[in-house]
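**Q** The structure that follows is given in the form of structure tokens.
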Amino acid sequence: MWSDVLDLEEFYGSTLGQMTRRLLRARLREIWPNVRGETVLGLGYAQPLLRPFMEEAGRTLAFMPAQQGVARWPREGRNLATLVDELDLPLPDRSVDRVVLVHAVECTEQLRPMLREIWRVMADGGRMVVIAPARTGFWSQIDRSPFYQGHPYSAGQINALLRANMFAPLRQTRALYMPPTRSRLMMRMAPAIERFGQRWLSRFGGVNVIESGKQLYAGIAERSQPQAVAAARPKLRVASSRDTPQVAGAARTAEDGEKPAS
């Protein structure tokens, strides 16, 4: 079930949401330090993470599924957000270099078709980052979190889904080690908690952050053909007509090794 765009806007406009945005942007920037001249697509509700790419990338797009709703983005200048069917993206083949999936993987009911459609529009050598709630993190268990909605995943489950849909996982990490609390003290400590968690508590991050690449070819192992085994030829019988008993009798006599009577 998709989260409503108004609820997501309200969360990311709050103090907790602004801290969440900064932490996720920092993690994404570690993975993609340079996207100059490339086309970057955000699918789901990726607007909070796309802002740093707007001036650097050649083109930045924000696609929002119809079940989620759409909001103008950015608020100033030309609108870059549009409402789409996630199973039929309005883009030509191999037209996108980078894809960010946020509030998408855990919400869609058509995950495999959506990933195949993303594979279609990604350029050869393209990269995709999936940000999805972790099963063992607080952010998938507390309802004030935007990652509470939908289905949480382990890193292994996401990797298996990516491989099954022709993506090769490249690196994985986690983010949001701070619990989704409105405590001012916790939010001031959030950057330090993030660094400590990444080093010592990697299993307890709130979201999985997994980068993958478009897989173009899949190797198929060829089995060596075993040598043919000569089969014993069955002993053939001579068919005869009932109307020619003498011929049949002669054939049976020859088969037994006796000479036929003259």
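Simple scheme: letters A, B, ... for chains in structure tokens order, numbers from 1 for residues in each chain, numbers from 1 for ligands in the order shown.
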Write out as number ranges by chain each polymer residue whose atoms come within 9 Å of Arg27 (chain A), counting only C-alpha atoms; drop sequence neighbours fewer than 4 positions from it.
**A** A: 22-23, 31-32, 173-175, 209
**Q** Keeping C-alpha atoms, export the residues of the selection given above as a compact mmCIF listing (two decimals), in the first residue's frame.
**A**
```txt
# COMPACT_ATOMS: atom_id res chain seq x y z
CA ARG A 22 20.06 15.16 5.87
CA LEU A 23 21.12 11.69 7.02
CA ILE A 31 27.67 6.27 -2.90
CA TRP A 32 27.31 8.81 -5.73
CA THR A 173 24.96 -0.20 3.82
CA ARG A 174 22.37 1.06 6.29
CA ALA A 175 21.20 4.42 7.57
CA VAL A 209 20.68 1.37 1.24
```
**Q** For region 104-188 of chain A against region 66-87 of chain A, with a cut-off of 10 Å and counting only C-alpha atoms, what is the closest atom pair and its distance in Å to one decimal for every residue that makes the cut, ordered by chain and number, as CSV?
**A**
```
residue,atom,partner,partner_atom,distance
A:Ala104,CA,A:Glu86,CA,9.4
A:Cys107,CA,A:Gln68,CA,9.4
A:Thr108,CA,A:Glu86,CA,8.8
A:Gln110,CA,A:Leu87,CA,7.9
A:Leu111,CA,A:Leu87,CA,9.2
A:Arg112,CA,A:Leu87,CA,9.5
A:Pro113,CA,A:Leu87,CA,6.2
A:Met114,CA,A:Leu87,CA,5.1
A:Leu115,CA,A:Leu87,CA,8.5
A:Arg116,CA,A:Leu87,CA,8.4
A:Glu117,CA,A:Leu87,CA,6.0
A:Ile118,CA,A:Leu87,CA,8.6
```
**Q** Applying 12 Å and only C-alpha atoms, which residues near region 184-198 of chain A remain after dropping the ones on its own chain fewer than 4 positions away? List them as number ranges by chain.
**A** A: 14-24, 26-27, 137, 172-180, 202-209
**Q** Okay, now the selection with N, CA and C atoms, as a PDB file, in the first residue's frame?
**A**
```
ATOM      1  N   SER A  14       8.716  18.349   8.890  1.00  0.00           N
ATOM      2  CA  SER A  14       8.896  18.445  10.338  1.00  0.00           C
ATOM      3  C   SER A  14      10.374  18.442  10.700  1.00  0.00           C
ATOM      4  N   THR A  15      10.656  18.713  11.952  1.00  0.00           N
ATOM      5  CA  THR A  15      12.041  18.727  12.417  1.00  0.00           C
ATOM      6  C   THR A  15      12.683  17.345  12.268  1.00  0.00           C
ATOM      7  N   LEU A  16      11.944  16.297  12.647  1.00  0.00           N
ATOM      8  CA  LEU A  16      12.452  14.931  12.489  1.00  0.00           C
ATOM      9  C   LEU A  16      12.661  14.607  11.013  1.00  0.00           C
ATOM     10  N   GLY A  17      11.750  15.045  10.168  1.00  0.00           N
ATOM     11  CA  GLY A  17      11.879  14.773   8.741  1.00  0.00           C
ATOM     12  C   GLY A  17      13.075  15.477   8.119  1.00  0.00           C
ATOM     13  N   GLN A  18      13.360  16.677   8.570  1.00  0.00           N
ATOM     14  CA  GLN A  18      14.525  17.400   8.052  1.00  0.00           C
ATOM     15  C   GLN A  18      15.827  16.708   8.437  1.00  0.00           C
ATOM     16  N   MET A  19      15.870  16.175   9.668  1.00  0.00           N
ATOM     17  CA  MET A  19      17.060  15.416  10.071  1.00  0.00           C
ATOM     18  C   MET A  19      17.166  14.124   9.262  1.00  0.00           C
ATOM     19  N   THR A  20      16.032  13.448   9.043  1.00  0.00           N
ATOM     20  CA  THR A  20      16.023  12.236   8.220  1.00  0.00           C
ATOM     21  C   THR A  20      16.546  12.525   6.823  1.00  0.00           C
ATOM     22  N   ARG A  21      16.118  13.626   6.259  1.00  0.00           N
ATOM     23  CA  ARG A  21      16.552  14.035   4.923  1.00  0.00           C
ATOM     24  C   ARG A  21      18.064  14.234   4.879  1.00  0.00           C
ATOM     25  N   ARG A  22      18.618  14.909   5.864  1.00  0.00           N
ATOM     26  CA  ARG A  22      20.065  15.162   5.872  1.00  0.00           C
ATOM     27  C   ARG A  22      20.862  13.866   5.985  1.00  0.00           C
ATOM     28  N   LEU A  23      20.396  12.946   6.837  1.00  0.00           N
ATOM     29  CA  LEU A  23      21.118  11.687   7.022  1.00  0.00           C
ATOM     30  C   LEU A  23      21.080  10.833   5.747  1.00  0.00           C
ATOM     31  N   LEU A  24      19.933  10.782   5.084  1.00  0.00           N
ATOM     32  CA  LEU A  24      19.821   9.979   3.867  1.00  0.00           C
ATOM     33  C   LEU A  24      20.591  10.610   2.713  1.00  0.00           C
ATOM     34  N   ALA A  26      23.310  12.352   3.003  1.00  0.00           N
ATOM     35  CA  ALA A  26      24.730  12.093   3.249  1.00  0.00           C
ATOM     36  C   ALA A  26      25.108  10.681   2.823  1.00  0.00           C
ATOM     37  N   ARG A  27      24.256   9.712   3.114  1.00  0.00           N
ATOM     38  CA  ARG A  27      24.557   8.335   2.726  1.00  0.00           C
ATOM     39  C   ARG A  27      24.530   8.179   1.206  1.00  0.00           C
ATOM     40  N   GLY A 137      15.054  -2.842  12.070  1.00  0.00           N
ATOM     41  CA  GLY A 137      15.215  -1.461  12.510  1.00  0.00           C
ATOM     42  C   GLY A 137      13.962  -0.898  13.155  1.00  0.00           C
ATOM     43  N   GLN A 172      26.283  -2.392  -0.238  1.00  0.00           N
ATOM     44  CA  GLN A 172      25.139  -2.221   0.640  1.00  0.00           C
ATOM     45  C   GLN A 172      25.576  -1.626   1.963  1.00  0.00           C
ATOM     46  N   THR A 173      24.727  -0.816   2.532  1.00  0.00           N
ATOM     47  CA  THR A 173      24.961  -0.201   3.822  1.00  0.00           C
ATOM     48  C   THR A 173      23.607   0.069   4.460  1.00  0.00           C
ATOM     49  N   ARG A 174      23.614   0.695   5.612  1.00  0.00           N
ATOM     50  CA  ARG A 174      22.368   1.061   6.286  1.00  0.00           C
ATOM     51  C   ARG A 174      22.442   2.509   6.741  1.00  0.00           C
ATOM     52  N   ALA A 175      21.290   3.045   7.096  1.00  0.00           N
ATOM     53  CA  ALA A 175      21.205   4.420   7.571  1.00  0.00           C
ATOM     54  C   ALA A 175      20.078   4.517   8.589  1.00  0.00           C
ATOM     55  N   LEU A 176      19.981   5.679   9.248  1.00  0.00           N
ATOM     56  CA  LEU A 176      18.954   5.971  10.249  1.00  0.00           C
ATOM     57  C   LEU A 176      19.074   5.041  11.464  1.00  0.00           C
ATOM     58  N   TYR A 177      20.166   5.199  12.181  1.00  0.00           N
ATOM     59  CA  TYR A 177      20.358   4.432  13.420  1.00  0.00           C
ATOM     60  C   TYR A 177      19.645   5.087  14.592  1.00  0.00           C
ATOM     61  N   MET A 178      19.374   6.368  14.485  1.00  0.00           N
ATOM     62  CA  MET A 178      18.615   7.050  15.518  1.00  0.00           C
ATOM     63  C   MET A 178      17.156   6.622  15.434  1.00  0.00           C
ATOM     64  N   PRO A 179      16.508   6.308  16.554  1.00  0.00           N
ATOM     65  CA  PRO A 179      15.086   5.955  16.485  1.00  0.00           C
ATOM     66  C   PRO A 179      14.258   7.165  16.068  1.00  0.00           C
ATOM     67  N   PRO A 180      13.094   6.957  15.460  1.00  0.00           N
ATOM     68  CA  PRO A 180      12.269   8.075  14.993  1.00  0.00           C
ATOM     69  C   PRO A 180      11.550   8.773  16.148  1.00  0.00           C
ATOM     70  N   SER A 202      25.789  -2.077  12.759  1.00  0.00           N
ATOM     71  CA  SER A 202      25.318  -2.076  11.370  1.00  0.00           C
ATOM     72  C   SER A 202      24.013  -2.835  11.180  1.00  0.00           C
ATOM     73  N   ARG A 203      23.712  -3.786  12.026  1.00  0.00           N
ATOM     74  CA  ARG A 203      22.496  -4.584  11.861  1.00  0.00           C
ATOM     75  C   ARG A 203      21.245  -3.857  12.320  1.00  0.00           C
ATOM     76  N   PHE A 204      21.398  -2.731  12.994  1.00  0.00           N
ATOM     77  CA  PHE A 204      20.248  -2.057  13.596  1.00  0.00           C
ATOM     78  C   PHE A 204      19.892  -0.746  12.902  1.00  0.00           C
ATOM     79  N   GLY A 205      20.386  -0.531  11.710  1.00  0.00           N
ATOM     80  CA  GLY A 205      19.993   0.640  10.953  1.00  0.00           C
ATOM     81  C   GLY A 205      18.531   0.561  10.549  1.00  0.00           C
ATOM     82  N   GLY A 206      17.895   1.716  10.410  1.00  0.00           N
ATOM     83  CA  GLY A 206      16.471   1.746  10.104  1.00  0.00           C
ATOM     84  C   GLY A 206      16.137   1.398   8.668  1.00  0.00           C
ATOM     85  N   VAL A 207      17.047   1.708   7.739  1.00  0.00           N
ATOM     86  CA  VAL A 207      16.768   1.428   6.326  1.00  0.00           C
ATOM     87  C   VAL A 207      17.987   0.786   5.679  1.00  0.00           C
ATOM     88  N   ASN A 208      17.712  -0.074   4.707  1.00  0.00           N
ATOM     89  CA  ASN A 208      18.761  -0.624   3.854  1.00  0.00           C
ATOM     90  C   ASN A 208      19.023   0.332   2.699  1.00  0.00           C
ATOM     91  N   VAL A 209      20.284   0.544   2.386  1.00  0.00           N
ATOM     92  CA  VAL A 209      20.676   1.369   1.243  1.00  0.00           C
ATOM     93  C   VAL A 209      21.565   0.498   0.363  1.00  0.00           C
TER      94      VAL A 209
END
```
**Q** Using only C-alpha atoms, find the one residue out of A:Val100, A:Val5, A:Ala155, A:Leu91 that sits nearest to Arg127 (chain A).
**A**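 Using only C-alpha atoms, the shortest distance to Arg127 (chain A) belongs to A:Val100.
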**Q** Could you please write out, as a ChimeraX atom specification, every residue of region 113-203 of chain A that DSSP assigns to strand (DSSP E or B)?
**A** /A:122-134,153,167-175
**Q** For N, CA and C atoms, I'd like the residues from the last selection saved as a PDB file, in the first residue's frame.
**A**
```
ATOM      1  N   MET A 122      16.823   2.188 -17.914  1.00  0.00           N
ATOM      2  CA  MET A 122      18.186   2.468 -17.469  1.00  0.00           C
ATOM      3  C   MET A 122      19.172   2.278 -18.605  1.00  0.00           C
ATOM      4  N   ALA A 123      20.141   3.186 -18.676  1.00  0.00           N
ATOM      5  CA  ALA A 123      21.192   3.073 -19.676  1.00  0.00           C
ATOM      6  C   ALA A 123      22.124   1.924 -19.323  1.00  0.00           C
ATOM      7  N   ASP A 124      22.792   1.390 -20.338  1.00  0.00           N
ATOM      8  CA  ASP A 124      23.792   0.358 -20.090  1.00  0.00           C
ATOM      9  C   ASP A 124      24.875   0.946 -19.193  1.00  0.00           C
ATOM     10  N   GLY A 125      25.195   0.254 -18.119  1.00  0.00           N
ATOM     11  CA  GLY A 125      26.146   0.784 -17.152  1.00  0.00           C
ATOM     12  C   GLY A 125      25.510   1.688 -16.122  1.00  0.00           C
ATOM     13  N   GLY A 126      24.168   1.799 -16.116  1.00  0.00           N
ATOM     14  CA  GLY A 126      23.473   2.646 -15.155  1.00  0.00           C
ATOM     15  C   GLY A 126      23.543   2.078 -13.744  1.00  0.00           C
ATOM     16  N   ARG A 127      23.192   2.926 -12.783  1.00  0.00           N
ATOM     17  CA  ARG A 127      23.225   2.553 -11.368  1.00  0.00           C
ATOM     18  C   ARG A 127      21.891   2.877 -10.711  1.00  0.00           C
ATOM     19  N   MET A 128      21.498   2.041  -9.754  1.00  0.00           N
ATOM     20  CA  MET A 128      20.261   2.248  -9.005  1.00  0.00           C
ATOM     21  C   MET A 128      20.536   2.090  -7.520  1.00  0.00           C
ATOM     22  N   VAL A 129      19.960   2.969  -6.710  1.00  0.00           N
ATOM     23  CA  VAL A 129      20.037   2.859  -5.258  1.00  0.00           C
ATOM     24  C   VAL A 129      18.629   2.621  -4.721  1.00  0.00           C
ATOM     25  N   VAL A 130      18.476   1.550  -3.961  1.00  0.00           N
ATOM     26  CA  VAL A 130      17.208   1.216  -3.308  1.00  0.00           C
ATOM     27  C   VAL A 130      17.324   1.570  -1.835  1.00  0.00           C
ATOM     28  N   ILE A 131      16.404   2.383  -1.354  1.00  0.00           N
ATOM     29  CA  ILE A 131      16.324   2.711   0.078  1.00  0.00           C
ATOM     30  C   ILE A 131      15.005   2.156   0.576  1.00  0.00           C
ATOM     31  N   ALA A 132      15.083   1.153   1.432  1.00  0.00           N
ATOM     32  CA  ALA A 132      13.881   0.441   1.882  1.00  0.00           C
ATOM     33  C   ALA A 132      14.009   0.128   3.369  1.00  0.00           C
ATOM     34  N   PRO A 133      12.898   0.070   4.095  1.00  0.00           N
ATOM     35  CA  PRO A 133      12.956  -0.195   5.535  1.00  0.00           C
ATOM     36  C   PRO A 133      13.533  -1.567   5.854  1.00  0.00           C
ATOM     37  N   ALA A 134      14.360  -1.609   6.893  1.00  0.00           N
ATOM     38  CA  ALA A 134      14.974  -2.860   7.341  1.00  0.00           C
ATOM     39  C   ALA A 134      14.059  -3.561   8.337  1.00  0.00           C
ATOM     40  N   TYR A 153      12.180  -5.213   4.477  1.00  0.00           N
ATOM     41  CA  TYR A 153      13.003  -6.245   3.857  1.00  0.00           C
ATOM     42  C   TYR A 153      14.330  -6.368   4.588  1.00  0.00           C
ATOM     43  N   PHE A 167      19.532  -7.164 -12.064  1.00  0.00           N
ATOM     44  CA  PHE A 167      20.385  -6.148 -11.473  1.00  0.00           C
ATOM     45  C   PHE A 167      21.464  -6.849 -10.649  1.00  0.00           C
ATOM     46  N   ALA A 168      22.668  -6.314 -10.690  1.00  0.00           N
ATOM     47  CA  ALA A 168      23.784  -6.901  -9.944  1.00  0.00           C
ATOM     48  C   ALA A 168      24.082  -6.024  -8.734  1.00  0.00           C
ATOM     49  N   PRO A 169      23.827  -6.497  -7.493  1.00  0.00           N
ATOM     50  CA  PRO A 169      24.150  -5.703  -6.298  1.00  0.00           C
ATOM     51  C   PRO A 169      25.642  -5.393  -6.235  1.00  0.00           C
ATOM     52  N   LEU A 170      25.972  -4.139  -5.936  1.00  0.00           N
ATOM     53  CA  LEU A 170      27.361  -3.698  -5.910  1.00  0.00           C
ATOM     54  C   LEU A 170      27.841  -3.389  -4.503  1.00  0.00           C
ATOM     55  N   ARG A 171      27.036  -2.690  -3.730  1.00  0.00           N
ATOM     56  CA  ARG A 171      27.408  -2.378  -2.354  1.00  0.00           C
ATOM     57  C   ARG A 171      26.154  -2.178  -1.524  1.00  0.00           C
ATOM     58  N   GLN A 172      26.283  -2.392  -0.238  1.00  0.00           N
ATOM     59  CA  GLN A 172      25.139  -2.221   0.640  1.00  0.00           C
ATOM     60  C   GLN A 172      25.576  -1.626   1.963  1.00  0.00           C
ATOM     61  N   THR A 173      24.727  -0.816   2.532  1.00  0.00           N
ATOM     62  CA  THR A 173      24.961  -0.201   3.822  1.00  0.00           C
ATOM     63  C   THR A 173      23.607   0.069   4.460  1.00  0.00           C
ATOM     64  N   ARG A 174      23.614   0.695   5.612  1.00  0.00           N
ATOM     65  CA  ARG A 174      22.368   1.061   6.286  1.00  0.00           C
ATOM     66  C   ARG A 174      22.442   2.509   6.741  1.00  0.00           C
ATOM     67  N   ALA A 175      21.290   3.045   7.096  1.00  0.00           N
ATOM     68  CA  ALA A 175      21.205   4.420   7.571  1.00  0.00           C
ATOM     69  C   ALA A 175      20.078   4.517   8.589  1.00  0.00           C
TER      70      ALA A 175
END
```
**Q** What does the structure give for the distance between CA of Met1 (chain A) and CA of Gly213 (chain A), in Å to one decimal?
**A**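 Interatomic distance, CA of Met1 (chain A) to CA of Gly213 (chain A): 26.8 Å.
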**Q** Considering only C-alpha atoms, state which residue in the set A:Met64, A:Leu8, A:Leu201, A:Ile210 is at the smallest distance from Ile158 (chain A).
**A** A:Ile210
**Q** Env of Asp143 (chain A): 12 Å cut, atoms = only C-alpha atoms, seq-sep filter 6 positions within chain, self excluded. Answer as a ChimeraX atom specification.
**A** /A:7,11,149-150,179-181
**Q** Let's have the selection written as a compact mmCIF listing (two decimals), in the first residue's frame, with N, CA and C atoms.
**A**
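This is the output file out04.txt:
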```txt
# COMPACT_ATOMS: atom_id res chain seq x y z
N ASP A 7 0.92 12.99 3.52
CA ASP A 7 1.55 12.52 4.75
C ASP A 7 3.08 12.59 4.65
N PHE A 11 5.64 14.87 6.95
CA PHE A 11 6.75 14.32 7.73
C PHE A 11 8.07 15.02 7.39
N GLN A 149 4.93 2.23 6.77
CA GLN A 149 3.97 1.76 5.79
C GLN A 149 4.63 0.77 4.83
N GLY A 150 3.97 -0.32 4.55
CA GLY A 150 4.49 -1.27 3.57
C GLY A 150 5.24 -2.42 4.20
N PRO A 179 16.51 6.31 16.55
CA PRO A 179 15.09 5.96 16.49
C PRO A 179 14.26 7.16 16.07
N PRO A 180 13.09 6.96 15.46
CA PRO A 180 12.27 8.07 14.99
C PRO A 180 11.55 8.77 16.15
N THR A 181 12.30 9.50 16.93
CA THR A 181 11.77 10.22 18.07
C THR A 181 11.85 11.72 17.82
```
**Q** Just checking: using only C-alpha atoms, which residue out of A:Met166, A:Val35, A:Val99, A:Leu216 ends up closest to Glu55 (chain A)?
**A** A:Val35
**Q** Got a sec to tell me which of region 52-211 of chain A DSSP assigns to helix (DSSP H, G or I), as JSON, numbers by chain?
**A** {"A": [52, 53, 111, 112, 113, 114, 115, 116, 117, 118, 119, 120, 121, 138, 139, 140, 155, 156, 157, 158, 159, 160, 161, 162, 163, 164, 184, 185, 186, 187, 188, 190, 191, 192, 193, 194, 195, 196, 197, 198, 199, 200, 202, 203, 204]}
**Q** Here is a test: counting only C-alpha atoms, which residue of A:Gly58, A:Ser212, A:Tyr12, A:Trp200 is nearest to Leu161 (chain A)?
**A**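 Smallest distance to Leu161 (chain A) is found for A:Ser212.
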